[in-house]
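Structure first, then comments.
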Amino acid sequence: MTPERFLLFGISSPVGQALQALTQTDAWPVSWTLCAPSRAACDIANPAQLRGFIQDTAPSLILNAAEMSDIAKAEANEAAAMAVNFHAPAQMAAQASVLDVPMIQLSTDLVFDGRQAAPYTPDDKMNPLSTYGGSKMMGEEALRHELAWHVIVRSSGVFSAVKAPQNPLTRLLGQLDGEGPLRLPVDRFFAPTYAPDLARALVHIAQELLGGKVDGFGTYHFCGTPALSVYDFGCTVRDIYAIRTGRGPTLTATMSSEIDSPLRDPLRTALDCRKTQERYGLAQPDWHEGLGEAIAARQNTKDK
């Protein structure tokens, strides 16, 4: 087998951690070497440092799972969000073009405005409601402009035991540990995605690209199934959490408009993943099994 150098940005993210875990399993090709720098080793918001690191690494493929995902912080500091979510992927893509290697970019359902009743296809018009979504959209567009050999994978509600700003599970578990009833929107729908499921899909896509697949470039969707409301997801998490802790806080269904928040979340961002199944043979995974695993892992970490 030809040795391949797999360059991953975003090692500390839920997906990055899941990819690192895969290197210890049969799912990781034996000929691959993972290069996953910490922020101290390569600050992707520093263009010169990022450019030099990629040139020195000379990877066979770049996968960018790094992002500024805290929506509130992105709203407060648009320049920082653009540096990480737009300018950094643009620089990565430019260097991938120079090296003539493919790049996979993780993106989000939040590039859509959520006003469409049907699940969004990869070709549907983007119209983000937040600075975070806008910066991710700009990152996508930069990739399309800079590099022909690109794959953009949009996902939704990525969760695991790894705490992260956009991780719906760890955010909910923190709220469930609080006092009093919890109000969750019943009109906000999304598709939870278990980070290890997404990581396995990304490895499969990378294998196909490095194996010479010529019809696999472009924009794709990959997320868990079924889609459901934030309230229903919260009830599912609460019920599993109660089995382990004996705590079952009251959850109250409410409308998004009744929740006092300066941030606007799109109401319906279910993703149509048929193109991904047709081109790569990747079916949508049921997220329920992964949810139980993630809650158990999170609780075991807290118990230590």
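Residues in the structure tokens are numbered from 1 in each chain, the chains being A, B, ... in the order shown, and ligands are numbered from 1 in the order shown.
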If we count only C-alpha atoms and set the cut-off at 6 Å, which residues sit around Ala270 in chain A, ignoring sequence neighbours fewer than 6 positions away in its own chain? Please answer as number ranges by chain. A: 119, 190-191
Identify all residues of range 30-268 of chain A in strand (DSSP E) (DSSP on the backbone) and supply them as number ranges by chain. A: 32-35, 61-64, 103-108, 150-155, 158-159, 182-185, 189-190, 193-194, 218-221, 228-229, 251-254
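Checking A:Leu99, A:Leu209, A:Ile152, A:Ala45 one by one against Asp123 in chain A, counting only C-alpha atoms, you find the shortest gap at A:Ile152.
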Helix (DSSP H, G or I) per DSSP on the backbone: members of range 98-153 of chain A, as a PyMOL selection string: chain A and resi 98-99+109-111+131-146
Exercise: Ala148 in chain A partners within 10 Å, only C-alpha atoms, chain neighbours under 2 positions left out, as a list in words: Ala93, Ala96, Ser97, Asp100, Val101, Pro102, Met103, Leu143, Arg144, His145, Glu146, His150, Val151, Phe217 and Gly218 of chain A
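For the choices A:Glu75, A:Asp265, A:Glu4, A:Asp56, the atom-to-atom distance to Leu34 in chain A is smallest for A:Glu4 when using only C-alpha atoms.
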Need the shell around Phe86 in chain A: protein/DNA/RNA residues with any atom at most 6 Å away, counting only C-alpha atoms. Skip same-chain ones fewer than 3 positions apart. Format as a PDB file with N, CA and C atoms, in the first residue's frame?
```
ATOM      1  N   MET A  82     -14.520  34.965  11.148  1.00  0.00           N
ATOM      2  CA  MET A  82     -14.115  34.927   9.752  1.00  0.00           C
ATOM      3  C   MET A  82     -12.691  34.399   9.596  1.00  0.00           C
ATOM      4  N   ALA A  83     -11.812  34.735  10.537  1.00  0.00           N
ATOM      5  CA  ALA A  83     -10.425  34.278  10.453  1.00  0.00           C
ATOM      6  C   ALA A  83     -10.348  32.757  10.494  1.00  0.00           C
ATOM      7  N   PRO A  89      -9.847  28.104   6.047  1.00  0.00           N
ATOM      8  CA  PRO A  89     -10.125  27.118   4.992  1.00  0.00           C
ATOM      9  C   PRO A  89      -9.686  27.587   3.607  1.00  0.00           C
ATOM     10  N   SER A 135     -20.049  32.793   8.249  1.00  0.00           N
ATOM     11  CA  SER A 135     -18.619  32.525   8.108  1.00  0.00           C
ATOM     12  C   SER A 135     -18.381  31.118   7.563  1.00  0.00           C
ATOM     13  N   MET A 138     -18.999  31.283   3.854  1.00  0.00           N
ATOM     14  CA  MET A 138     -17.865  31.881   3.173  1.00  0.00           C
ATOM     15  C   MET A 138     -16.707  30.884   3.055  1.00  0.00           C
ATOM     16  N   GLY A 139     -16.534  30.049   4.083  1.00  0.00           N
ATOM     17  CA  GLY A 139     -15.515  29.017   4.016  1.00  0.00           C
ATOM     18  C   GLY A 139     -15.799  28.023   2.900  1.00  0.00           C
TER      19      GLY A 139
END
```
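Residue nearest Gly281 in chain A, chosen from A:Tyr132, A:Phe222, A:Phe9, A:Phe233 and counting only C-alpha atoms: A:Phe222.
The two atoms in question, CA of Gly292 in chain A and CA of Ser69 in chain A, are spaced 24.1 Å apart.
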Tell me, as a ChimeraX atom specification, which residues lie within 10 Å of Thr121 in chain A, counting only C-alpha atoms; anything in the same chain fewer than 5 positions away does not count. /A:219-221,270-275
Output N, CA and C atoms for every residue in that selection, as a JSON list (two decimals), in the first residue's frame.
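Output file part_28.json follows:
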```json
[["chain", "number", "residue", "atom", "x", "y", "z"],
["A", 219, "THR", "N", -20.33, 18.96, -2.94],
["A", 219, "THR", "CA", -20.95, 19.21, -1.64],
["A", 219, "THR", "C", -21.91, 18.08, -1.30],
["A", 220, "TYR", "N", -21.83, 17.62, -0.05],
["A", 220, "TYR", "CA", -22.62, 16.48, 0.40],
["A", 220, "TYR", "C", -23.21, 16.76, 1.78],
["A", 221, "HIS", "N", -24.23, 15.99, 2.11],
["A", 221, "HIS", "CA", -24.83, 16.04, 3.43],
["A", 221, "HIS", "C", -24.70, 14.68, 4.10],
["A", 270, "ALA", "N", -33.34, 19.94, 8.64],
["A", 270, "ALA", "CA", -33.11, 18.55, 8.24],
["A", 270, "ALA", "C", -32.39, 18.53, 6.89],
["A", 271, "LEU", "N", -31.46, 17.59, 6.74],
["A", 271, "LEU", "CA", -30.64, 17.52, 5.53],
["A", 271, "LEU", "C", -30.99, 16.29, 4.69],
["A", 272, "ASP", "N", -31.08, 16.49, 3.39],
["A", 272, "ASP", "CA", -31.31, 15.41, 2.44],
["A", 272, "ASP", "C", -29.96, 14.78, 2.12],
["A", 273, "CYS", "N", -29.77, 13.51, 2.49],
["A", 273, "CYS", "CA", -28.47, 12.84, 2.36],
["A", 273, "CYS", "C", -28.43, 11.83, 1.22],
["A", 274, "ARG", "N", -29.39, 11.88, 0.31],
["A", 274, "ARG", "CA", -29.45, 10.87, -0.74],
["A", 274, "ARG", "C", -28.23, 10.91, -1.66],
["A", 275, "LYS", "N", -27.70, 12.09, -1.95],
["A", 275, "LYS", "CA", -26.54, 12.19, -2.82],
["A", 275, "LYS", "C", -25.34, 11.46, -2.21]]
```
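The space between CA of Ile104 in chain A and CA of Gln116 in chain A spans 26.6 Å.
Between Ser107 in chain A and the candidates A:Leu198, A:Val30, A:Leu61, A:Val162, the tightest atom-to-atom separation, counting only C-alpha atoms, involves A:Leu198.
Among the candidates A:Thr33, A:Gln17, A:Ser155, A:Asn85, the one nearest to Glu140 in chain A when counting only C-alpha atoms is A:Asn85.
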